[in-house]
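> What follows is upload29.txt; its format and atoms are compact mmCIF, C-alpha atoms and all ligand atoms.
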```txt
# COMPACT_ATOMS: atom_id res chain seq x y z
CA MET A 1 0.75 -18.78 0.00
CA GLN A 2 2.41 -17.46 -3.17
CA TYR A 3 1.28 -14.09 -4.50
CA ILE A 4 1.03 -13.27 -8.20
CA LEU A 5 -0.75 -10.63 -10.24
CA PHE A 6 -3.98 -11.60 -11.98
CA GLN A 7 -3.61 -12.53 -15.65
CA PRO A 8 -6.57 -12.78 -18.09
CA GLU A 9 -6.07 -16.56 -18.53
CA MET A 10 -6.89 -16.99 -14.80
CA LEU A 11 -10.42 -15.63 -15.25
CA ASP A 12 -12.26 -18.99 -15.23
CA ASP A 13 -10.36 -20.11 -12.12
CA VAL A 14 -11.15 -16.80 -10.38
CA ILE A 15 -14.87 -17.21 -11.11
CA ALA A 16 -14.81 -20.83 -9.87
CA PHE A 17 -12.96 -19.72 -6.69
CA LEU A 18 -15.51 -16.99 -5.99
CA ASP A 19 -18.49 -19.29 -6.69
CA LYS A 20 -17.11 -21.60 -4.01
CA ASN A 21 -16.27 -18.96 -1.42
CA ILE A 22 -18.78 -16.09 -1.58
CA THR A 23 -22.50 -15.77 -2.27
CA GLU A 24 -22.40 -12.55 -4.35
CA ARG A 25 -22.20 -13.24 -8.12
CA TYR A 26 -20.15 -11.04 -10.45
CA SER A 27 -20.10 -10.91 -14.23
CA PRO A 28 -16.69 -12.10 -15.52
CA GLN A 29 -16.22 -8.91 -17.55
CA ILE A 30 -15.87 -6.87 -14.37
CA PHE A 31 -12.61 -8.63 -13.53
CA SER A 32 -11.14 -7.91 -16.96
CA LYS A 33 -12.11 -4.27 -16.48
CA ILE A 34 -10.55 -4.10 -13.00
CA HIS A 35 -7.39 -5.70 -14.36
CA ASN A 36 -7.19 -3.25 -17.26
CA LEU A 37 -7.70 -0.25 -14.98
CA TRP A 38 -4.94 -1.15 -12.53
CA PRO A 39 -3.06 -4.45 -13.11
CA GLU A 40 -0.95 -4.08 -9.95
CA GLY A 41 -4.12 -3.83 -7.88
CA PHE A 42 -5.34 -7.36 -8.55
CA ILE A 43 -3.41 -9.88 -6.47
CA ILE A 44 -4.00 -13.64 -6.41
CA GLY A 45 -2.78 -15.96 -3.62
CA THR A 46 -2.09 -19.57 -4.61
CA ILE A 47 -1.11 -22.77 -2.88
CA ASN A 48 0.09 -25.61 -5.14
CA ASN A 49 -1.02 -23.50 -8.13
CA GLU A 50 -4.63 -23.31 -6.87
CA ILE A 51 -6.28 -19.99 -6.08
CA LYS A 52 -6.82 -19.69 -2.32
CA SER A 53 -7.18 -15.94 -1.89
CA LEU A 54 -7.50 -12.74 -3.86
CA ILE A 55 -7.83 -9.01 -3.50
CA CYS A 56 -8.63 -6.35 -6.06
CA GLY A 57 -9.02 -2.62 -5.87
CA ALA A 58 -9.12 0.57 -7.86
CA ILE A 59 -7.60 4.00 -7.33
CA VAL A 60 -10.00 6.93 -7.26
CA SER A 61 -7.44 9.37 -8.57
CA HIS A 62 -9.18 12.70 -7.81
CA SER A 63 -9.43 11.81 -4.11
CA LYS A 64 -6.18 9.79 -3.92
CA LYS A 65 -8.20 6.96 -2.45
CA LEU A 66 -7.74 3.22 -2.74
CA ARG A 67 -11.09 1.51 -3.09
CA ILE A 68 -11.05 -2.17 -2.14
CA LEU A 69 -13.50 -4.00 -4.39
CA LEU A 70 -13.13 -7.57 -3.18
CA VAL A 71 -11.03 -9.51 -0.69
CA VAL A 72 -11.64 -13.23 -0.28
CA VAL A 73 -9.77 -16.05 1.44
CA SER A 74 -10.75 -19.67 0.82
CA SER A 75 -12.83 -20.91 3.76
CA GLU A 76 -10.26 -23.53 4.86
CA TYR A 77 -7.50 -20.88 5.09
CA ARG A 78 -9.38 -18.20 7.04
CA LEU A 79 -8.17 -16.80 10.39
CA GLN A 80 -4.54 -17.53 9.51
CA GLY A 81 -3.50 -13.98 8.62
CA TYR A 82 -3.91 -14.26 4.83
CA GLY A 83 -6.67 -11.65 4.58
CA LYS A 84 -4.60 -9.12 6.53
CA GLN A 85 -1.57 -9.93 4.37
CA LEU A 86 -3.53 -9.14 1.18
CA MET A 87 -4.86 -5.90 2.65
CA ASP A 88 -1.32 -4.88 3.71
CA ASP A 89 0.12 -5.76 0.29
CA LEU A 90 -2.50 -3.81 -1.66
CA SER A 91 -2.19 -0.84 0.74
CA LYS A 92 1.55 -0.80 0.14
CA VAL A 93 1.10 -0.66 -3.65
CA ALA A 94 -1.52 2.11 -3.25
CA ARG A 95 0.78 4.16 -0.98
CA SER A 96 3.46 3.95 -3.66
CA LYS A 97 0.85 5.54 -5.99
CA ASP A 98 0.36 8.37 -3.50
CA CYS A 99 -2.99 7.19 -2.10
CA LYS A 100 -3.80 8.67 1.31
CA ARG A 101 -6.94 6.77 2.30
CA VAL A 102 -8.55 3.40 1.75
CA SER A 103 -12.28 2.85 1.46
CA LEU A 104 -14.60 -0.15 1.01
CA GLU A 105 -18.19 -1.29 1.24
CA VAL A 106 -19.24 -4.27 3.30
CA ARG A 107 -22.59 -5.96 3.81
CA ASN A 108 -24.44 -4.74 6.88
CA GLU A 109 -24.07 -7.30 9.68
CA SER A 110 -21.40 -9.24 7.76
CA ARG A 111 -18.67 -10.96 9.79
CA ALA A 112 -16.15 -9.13 7.61
CA ILE A 113 -16.96 -5.94 9.59
CA ALA A 114 -15.05 -7.42 12.56
CA PHE A 115 -12.12 -8.19 10.24
CA TYR A 116 -11.97 -4.61 8.94
CA THR A 117 -12.41 -3.20 12.44
CA LYS A 118 -9.40 -5.28 13.55
CA LEU A 119 -7.48 -3.64 10.71
CA HIS A 120 -8.45 -0.18 12.15
CA PHE A 121 -11.16 0.72 9.64
CA SER A 122 -14.01 2.92 10.92
CA LYS A 123 -17.61 3.05 9.73
CA VAL A 124 -18.09 6.34 7.86
CA ASP A 125 -21.31 5.88 5.91
CA TYR A 126 -24.25 3.67 5.10
CA ILE A 127 -25.76 2.91 1.66
CA PRO A 128 -29.32 1.49 1.62
CA CYS A 129 -30.07 -1.45 -0.72
CA TYR A 130 -26.54 -1.53 -2.14
CA TYR A 131 -26.32 -5.28 -2.83
CA GLN A 132 -28.26 -7.33 -5.40
CA ASP A 133 -30.43 -8.91 -2.66
CA GLY A 134 -31.31 -5.54 -1.13
CA THR A 135 -28.85 -5.71 1.77
CA ASP A 136 -27.51 -2.33 2.94
CA ALA A 137 -23.79 -1.53 2.77
CA ILE A 138 -21.58 -0.04 5.44
CA VAL A 139 -18.79 2.16 4.10
CA MET A 140 -15.56 1.79 6.06
CA GLU A 141 -12.36 3.80 5.70
CA LYS A 142 -8.95 4.44 7.19
CA GLU A 143 -5.81 6.47 6.55
CA LEU A 144 -3.12 4.69 4.56
C1 LIG B 201 -13.02 -11.40 5.53
C2 LIG B 201 -11.88 -12.36 5.18
C3 LIG B 201 -11.22 -11.90 3.89
C4 LIG B 201 -10.85 -12.35 6.31
O1 LIG B 201 -9.72 -13.10 5.92
P1 LIG B 201 -8.88 -13.96 6.99
O2 LIG B 201 -7.68 -14.48 6.29
O3 LIG B 201 -9.76 -14.96 7.64
O4 LIG B 201 -8.48 -12.85 8.06
P2 LIG B 201 -7.14 -12.77 8.94
O5 LIG B 201 -6.81 -14.15 9.42
O6 LIG B 201 -6.07 -12.05 8.19
O7 LIG B 201 -7.64 -11.89 10.15
C5 LIG B 201 -7.06 -10.62 10.54
C6 LIG B 201 -7.68 -10.23 11.88
O8 LIG B 201 -9.10 -10.12 11.73
C7 LIG B 201 -9.77 -11.02 12.61
N1 LIG B 201 -10.93 -11.62 11.93
C8 LIG B 201 -10.94 -12.17 10.69
N2 LIG B 201 -12.17 -12.64 10.41
C9 LIG B 201 -12.93 -12.39 11.50
C10 LIG B 201 -14.28 -12.66 11.82
N3 LIG B 201 -15.10 -13.28 10.95
N4 LIG B 201 -14.74 -12.28 13.03
C11 LIG B 201 -13.92 -11.65 13.92
N5 LIG B 201 -12.61 -11.36 13.67
C12 LIG B 201 -12.13 -11.73 12.47
C13 LIG B 201 -8.75 -12.11 12.93
O9 LIG B 201 -9.02 -12.74 14.16
C14 LIG B 201 -7.46 -11.32 12.94
O10 LIG B 201 -7.31 -10.67 14.19
P3 LIG B 201 -5.90 -10.75 15.00
O11 LIG B 201 -4.93 -9.98 14.12
O12 LIG B 201 -6.19 -10.10 16.28
O13 LIG B 201 -5.58 -12.20 15.06
C15 LIG B 201 -12.40 -13.83 5.03
O14 LIG B 201 -13.12 -14.17 6.20
C16 LIG B 201 -13.30 -14.05 3.84
O15 LIG B 201 -12.81 -14.31 2.74
N6 LIG B 201 -14.64 -13.93 4.02
C17 LIG B 201 -15.60 -14.12 2.93
C18 LIG B 201 -15.55 -13.00 1.93
C19 LIG B 201 -15.80 -11.65 2.54
O16 LIG B 201 -16.72 -11.49 3.35
N7 LIG B 201 -14.96 -10.68 2.13
C20 LIG B 201 -15.09 -9.32 2.60
C21 LIG B 201 -16.08 -8.55 1.82
S1 LIG B 201 -15.61 -8.45 0.09
```
Please re-express this file's structure in C-alpha cells.
Ligand SMILES: CC(C)(COP(=O)(O)OP(=O)(O)OC[C@H]1O[C@@H](n2cnc3c(N)ncnc32)[C@H](O)[C@@H]1OP(=O)(O)O)[C@@H](O)C(=O)NCCC(=O)NCCS


Amino acid sequence: MQYILFQPEMLDDVIAFLDKNITERYSPQIFSKIHNLWPEGFIIGTINNEIKSLICGAIVSHSKKLRILLVVVSSEYRLQGYGKQLMDDLSKVARSKDCKRVSLEVRNESRAIAFYTKLHFSKVDYIPCYYQDGTDAIVMEKEL
C-alpha cells in the first residue's frame, strides 16, 4: 500500500470508495472541509493507483485531542494490518502537533469495536441516536 495525502481532485474516487465499503453516506463537502482544516490528517492508501484505504481526523485544539473521523480499509484488504498502520500513522502526525489523546465514535455493536480494543482504546462514553439510522455511538479513547 502506498500512502499519500488527500488532494481535492481525489474527491470523486473517495466517495466511490466509501460507497463500496461502508453503509454510512457522507456529503462530499465534508471531505473538502476536513482537508482544509488539517491537510496532513487525511491520508489515502492506494494500490496500483486505486484507493484501498483511508483515514481522516481533526485536532480539537483546546483539549489537544486527535479526533478520528473515519478509517476504512477496502473489504478485500482487511485483517492484513492496514487499518492499524493508518491509525499509527495518523497518531504519529497528531503527536507531532502535541496531541495527548485520541478519541472516536463507533457504532454500537459494530465489529470495529474489537479493532479499536485491539489497539488499546477504552469505551469512555455513549451517545444515543448518534447515527443517521438512529444507532447509538460508543465513544472510545486512548492516550497518544
Ligand atoms: C475497522 C477496519 C478499519 C479495520 O481495518 P483492518 O485493516 O481490517 O484491521 P487490521 O488488520 O489492522 O487489524 C488490527 C488488529 O485488529 C483486529 N481486528 C480488525 N478487525 C477486527 C474485527 N472485525 N474483529 C476482531 N478483530 C479485528 C485484527 O485481528 C488485528 O489484531 P492483531 O494485531 O492481534 O492481529 C476495517 O475492518 C474496516 O474498514 N471496516 C469498515 C469500516 C469501519 O467500520 N470503520 C470503523 C468505523 S469509521

> Counting all atoms listed in the file, what residues are within 6 Å of ligand LIG 201 (chain B), given as a ChimeraX atom specification?

/A:22,70-73,78-84,106,111-112,114-115,118

> Between CA of His120 in chain A and CA of Asn21 in chain A, what is the distance in Å, rounded to a tenth?

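Straight-line distance from CA of His120 in chain A to CA of Asn21 in chain A works out to 24.5 Å.
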
> Report the distance between CA of Phe6 in chain A and CA of Leu144 in chain A in Å, rounded to one decimal place.

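Distance reported for this atom pair: 23.2 Å.
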
> Which is closer to Ile47 in chain A than all the others in A:Met10, A:Ile4, A:Ile34, A:Met140, using only C-alpha atoms?

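Once distances to Ile47 in chain A are computed over only C-alpha atoms, the minimum belongs to A:Ile4.
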
> Closest to Arg107 in chain A among A:Gln85, A:Ser75, A:Ser63, A:Thr135, using all atoms listed in the file?

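Result for the nearest residue to Arg107 in chain A: A:Thr135.
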
> Using Å and a single decimal, report how far CA of Cys56 in chain A sits from CA of Lys33 in chain A.

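Distance reported for this atom pair: 11.2 Å.
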
> (-2.8, -8.3, -14.1) in this file's frame - what residues fall within 8 Å of it? Use all atoms listed in the file and give the answer as a PyMOL selection string.

chain A and resi 5-8+35-36+38-43

> Quick one: of A:Asp133, A:Asp13, A:Glu109, A:Asp89, who's nearest to Lys52 in chain A, counting all atoms listed in the file?

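The answer is A:Asp13, which sits nearest to Lys52 in chain A.
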
> Hey, what's within 10 Å of Ser27 in chain A if we count all atoms listed in the file and toss same-chain stuff fewer than 4 positions away? As number ranges by chain, please?

A: 15, 31-32

> I need the residue nearest Ser96 in chain A from this list: A:Ala16, A:Glu50, A:Arg67, A:Ile59. Use all atoms listed in the file for the distance.

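That would be A:Ile59, the residue with the smallest distance to Ser96 in chain A.
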
> Residues within 12 Å of (-25.8, 2.5, 2.8), file coordinates, counting only C-alpha atoms: what are they? Give the list as a count of residues only.

21

> Measuring between only C-alpha atoms, which one of A:Ile51, A:Ile30, A:Val102, A:Leu37 shows the shortest distance to Leu66 in chain A?

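Using only C-alpha atoms, the shortest distance to Leu66 in chain A belongs to A:Val102.
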
> Return the single residue from A:Asp19, A:Glu24, A:Glu143, A:Asp12 that is closest to Cys99 in chain A, with distances computed using all atoms listed in the file.

A:Glu143

> Can you take the partial range 41-76 of chain A, add N, CA and C atoms, and return it as a PDB file, in the frame of the given file?


```pdb
ATOM      1  N   GLY A  41      -3.162  -3.819  -8.972  1.00  0.00           N
ATOM      2  CA  GLY A  41      -4.120  -3.830  -7.880  1.00  0.00           C
ATOM      3  C   GLY A  41      -4.983  -5.081  -7.833  1.00  0.00           C
ATOM      4  N   PHE A  42      -4.550  -6.124  -8.512  1.00  0.00           N
ATOM      5  CA  PHE A  42      -5.340  -7.360  -8.550  1.00  0.00           C
ATOM      6  C   PHE A  42      -4.380  -8.512  -8.231  1.00  0.00           C
ATOM      7  N   ILE A  43      -4.388  -8.914  -6.965  1.00  0.00           N
ATOM      8  CA  ILE A  43      -3.410  -9.880  -6.470  1.00  0.00           C
ATOM      9  C   ILE A  43      -4.100 -11.209  -6.155  1.00  0.00           C
ATOM     10  N   ILE A  44      -3.455 -12.285  -6.600  1.00  0.00           N
ATOM     11  CA  ILE A  44      -4.000 -13.640  -6.410  1.00  0.00           C
ATOM     12  C   ILE A  44      -3.046 -14.406  -5.493  1.00  0.00           C
ATOM     13  N   GLY A  45      -3.595 -15.091  -4.492  1.00  0.00           N
ATOM     14  CA  GLY A  45      -2.780 -15.960  -3.620  1.00  0.00           C
ATOM     15  C   GLY A  45      -3.016 -17.411  -4.012  1.00  0.00           C
ATOM     16  N   THR A  46      -1.931 -18.159  -4.214  1.00  0.00           N
ATOM     17  CA  THR A  46      -2.090 -19.570  -4.610  1.00  0.00           C
ATOM     18  C   THR A  46      -1.320 -20.482  -3.658  1.00  0.00           C
ATOM     19  N   ILE A  47      -1.826 -21.695  -3.549  1.00  0.00           N
ATOM     20  CA  ILE A  47      -1.110 -22.770  -2.880  1.00  0.00           C
ATOM     21  C   ILE A  47      -1.155 -23.957  -3.842  1.00  0.00           C
ATOM     22  N   ASN A  48      -0.005 -24.526  -4.145  1.00  0.00           N
ATOM     23  CA  ASN A  48       0.090 -25.610  -5.140  1.00  0.00           C
ATOM     24  C   ASN A  48      -0.642 -25.244  -6.441  1.00  0.00           C
ATOM     25  N   ASN A  49      -0.444 -24.011  -6.873  1.00  0.00           N
ATOM     26  CA  ASN A  49      -1.020 -23.500  -8.130  1.00  0.00           C
ATOM     27  C   ASN A  49      -2.547 -23.394  -8.119  1.00  0.00           C
ATOM     28  N   GLU A  50      -3.170 -23.503  -6.955  1.00  0.00           N
ATOM     29  CA  GLU A  50      -4.630 -23.310  -6.870  1.00  0.00           C
ATOM     30  C   GLU A  50      -4.926 -22.002  -6.177  1.00  0.00           C
ATOM     31  N   ILE A  51      -5.922 -21.283  -6.687  1.00  0.00           N
ATOM     32  CA  ILE A  51      -6.280 -19.990  -6.080  1.00  0.00           C
ATOM     33  C   ILE A  51      -6.893 -20.232  -4.702  1.00  0.00           C
ATOM     34  N   LYS A  52      -6.306 -19.562  -3.688  1.00  0.00           N
ATOM     35  CA  LYS A  52      -6.820 -19.690  -2.320  1.00  0.00           C
ATOM     36  C   LYS A  52      -7.171 -18.336  -1.706  1.00  0.00           C
ATOM     37  N   SER A  53      -6.817 -17.273  -2.385  1.00  0.00           N
ATOM     38  CA  SER A  53      -7.180 -15.940  -1.890  1.00  0.00           C
ATOM     39  C   SER A  53      -7.036 -14.940  -3.033  1.00  0.00           C
ATOM     40  N   LEU A  54      -7.717 -13.824  -2.887  1.00  0.00           N
ATOM     41  CA  LEU A  54      -7.500 -12.740  -3.860  1.00  0.00           C
ATOM     42  C   LEU A  54      -7.945 -11.416  -3.268  1.00  0.00           C
ATOM     43  N   ILE A  55      -7.381 -10.371  -3.836  1.00  0.00           N
ATOM     44  CA  ILE A  55      -7.830  -9.010  -3.500  1.00  0.00           C
ATOM     45  C   ILE A  55      -7.762  -8.190  -4.771  1.00  0.00           C
ATOM     46  N   CYS A  56      -8.750  -7.294  -4.943  1.00  0.00           N
ATOM     47  CA  CYS A  56      -8.630  -6.350  -6.060  1.00  0.00           C
ATOM     48  C   CYS A  56      -9.175  -5.009  -5.620  1.00  0.00           C
ATOM     49  N   GLY A  57      -8.615  -3.976  -6.224  1.00  0.00           N
ATOM     50  CA  GLY A  57      -9.020  -2.620  -5.870  1.00  0.00           C
ATOM     51  C   GLY A  57      -8.852  -1.692  -7.046  1.00  0.00           C
ATOM     52  N   ALA A  58      -9.256  -0.451  -6.822  1.00  0.00           N
ATOM     53  CA  ALA A  58      -9.120   0.570  -7.860  1.00  0.00           C
ATOM     54  C   ALA A  58      -8.690   1.860  -7.158  1.00  0.00           C
ATOM     55  N   ILE A  59      -7.996   2.705  -7.895  1.00  0.00           N
ATOM     56  CA  ILE A  59      -7.600   4.000  -7.330  1.00  0.00           C
ATOM     57  C   ILE A  59      -8.544   5.073  -7.848  1.00  0.00           C
ATOM     58  N   VAL A  60      -9.144   5.789  -6.888  1.00  0.00           N
ATOM     59  CA  VAL A  60     -10.000   6.930  -7.260  1.00  0.00           C
ATOM     60  C   VAL A  60      -9.056   8.119  -7.283  1.00  0.00           C
ATOM     61  N   SER A  61      -8.604   8.480  -8.483  1.00  0.00           N
ATOM     62  CA  SER A  61      -7.440   9.370  -8.570  1.00  0.00           C
ATOM     63  C   SER A  61      -7.724  10.777  -8.032  1.00  0.00           C
ATOM     64  N   HIS A  62      -8.941  11.321  -8.254  1.00  0.00           N
ATOM     65  CA  HIS A  62      -9.180  12.700  -7.810  1.00  0.00           C
ATOM     66  C   HIS A  62      -9.140  12.828  -6.296  1.00  0.00           C
ATOM     67  N   SER A  63      -9.460  11.722  -5.575  1.00  0.00           N
ATOM     68  CA  SER A  63      -9.430  11.810  -4.110  1.00  0.00           C
ATOM     69  C   SER A  63      -8.241  11.060  -3.512  1.00  0.00           C
ATOM     70  N   LYS A  64      -7.355  10.541  -4.372  1.00  0.00           N
ATOM     71  CA  LYS A  64      -6.180   9.790  -3.920  1.00  0.00           C
ATOM     72  C   LYS A  64      -6.574   8.680  -2.956  1.00  0.00           C
ATOM     73  N   LYS A  65      -7.650   7.982  -3.324  1.00  0.00           N
ATOM     74  CA  LYS A  65      -8.200   6.960  -2.450  1.00  0.00           C
ATOM     75  C   LYS A  65      -8.099   5.590  -3.088  1.00  0.00           C
ATOM     76  N   LEU A  66      -7.672   4.611  -2.295  1.00  0.00           N
ATOM     77  CA  LEU A  66      -7.740   3.220  -2.740  1.00  0.00           C
ATOM     78  C   LEU A  66      -9.115   2.691  -2.394  1.00  0.00           C
ATOM     79  N   ARG A  67      -9.800   2.129  -3.373  1.00  0.00           N
ATOM     80  CA  ARG A  67     -11.090   1.510  -3.090  1.00  0.00           C
ATOM     81  C   ARG A  67     -10.916   0.006  -3.216  1.00  0.00           C
ATOM     82  N   ILE A  68     -11.131  -0.708  -2.111  1.00  0.00           N
ATOM     83  CA  ILE A  68     -11.050  -2.170  -2.140  1.00  0.00           C
ATOM     84  C   ILE A  68     -12.366  -2.692  -2.701  1.00  0.00           C
ATOM     85  N   LEU A  69     -12.278  -3.489  -3.767  1.00  0.00           N
ATOM     86  CA  LEU A  69     -13.500  -4.000  -4.390  1.00  0.00           C
ATOM     87  C   LEU A  69     -13.865  -5.373  -3.851  1.00  0.00           C
ATOM     88  N   LEU A  70     -12.860  -6.187  -3.601  1.00  0.00           N
ATOM     89  CA  LEU A  70     -13.130  -7.570  -3.180  1.00  0.00           C
ATOM     90  C   LEU A  70     -11.898  -8.128  -2.477  1.00  0.00           C
ATOM     91  N   VAL A  71     -12.109  -8.756  -1.324  1.00  0.00           N
ATOM     92  CA  VAL A  71     -11.030  -9.510  -0.690  1.00  0.00           C
ATOM     93  C   VAL A  71     -11.638 -10.816  -0.190  1.00  0.00           C
ATOM     94  N   VAL A  72     -11.065 -11.920  -0.615  1.00  0.00           N
ATOM     95  CA  VAL A  72     -11.640 -13.230  -0.280  1.00  0.00           C
ATOM     96  C   VAL A  72     -10.513 -14.214   0.008  1.00  0.00           C
ATOM     97  N   VAL A  73     -10.688 -14.957   1.105  1.00  0.00           N
ATOM     98  CA  VAL A  73      -9.770 -16.050   1.440  1.00  0.00           C
ATOM     99  C   VAL A  73     -10.602 -17.329   1.444  1.00  0.00           C
ATOM    100  N   SER A  74     -10.065 -18.380   0.861  1.00  0.00           N
ATOM    101  CA  SER A  74     -10.750 -19.670   0.820  1.00  0.00           C
ATOM    102  C   SER A  74     -11.122 -20.104   2.239  1.00  0.00           C
ATOM    103  N   SER A  75     -12.313 -20.680   2.400  1.00  0.00           N
ATOM    104  CA  SER A  75     -12.830 -20.910   3.760  1.00  0.00           C
ATOM    105  C   SER A  75     -11.866 -21.734   4.629  1.00  0.00           C
ATOM    106  N   GLU A  76     -11.151 -22.692   4.035  1.00  0.00           N
ATOM    107  CA  GLU A  76     -10.260 -23.530   4.860  1.00  0.00           C
ATOM    108  C   GLU A  76      -8.977 -22.810   5.296  1.00  0.00           C
TER     109      GLU A  76
END
```
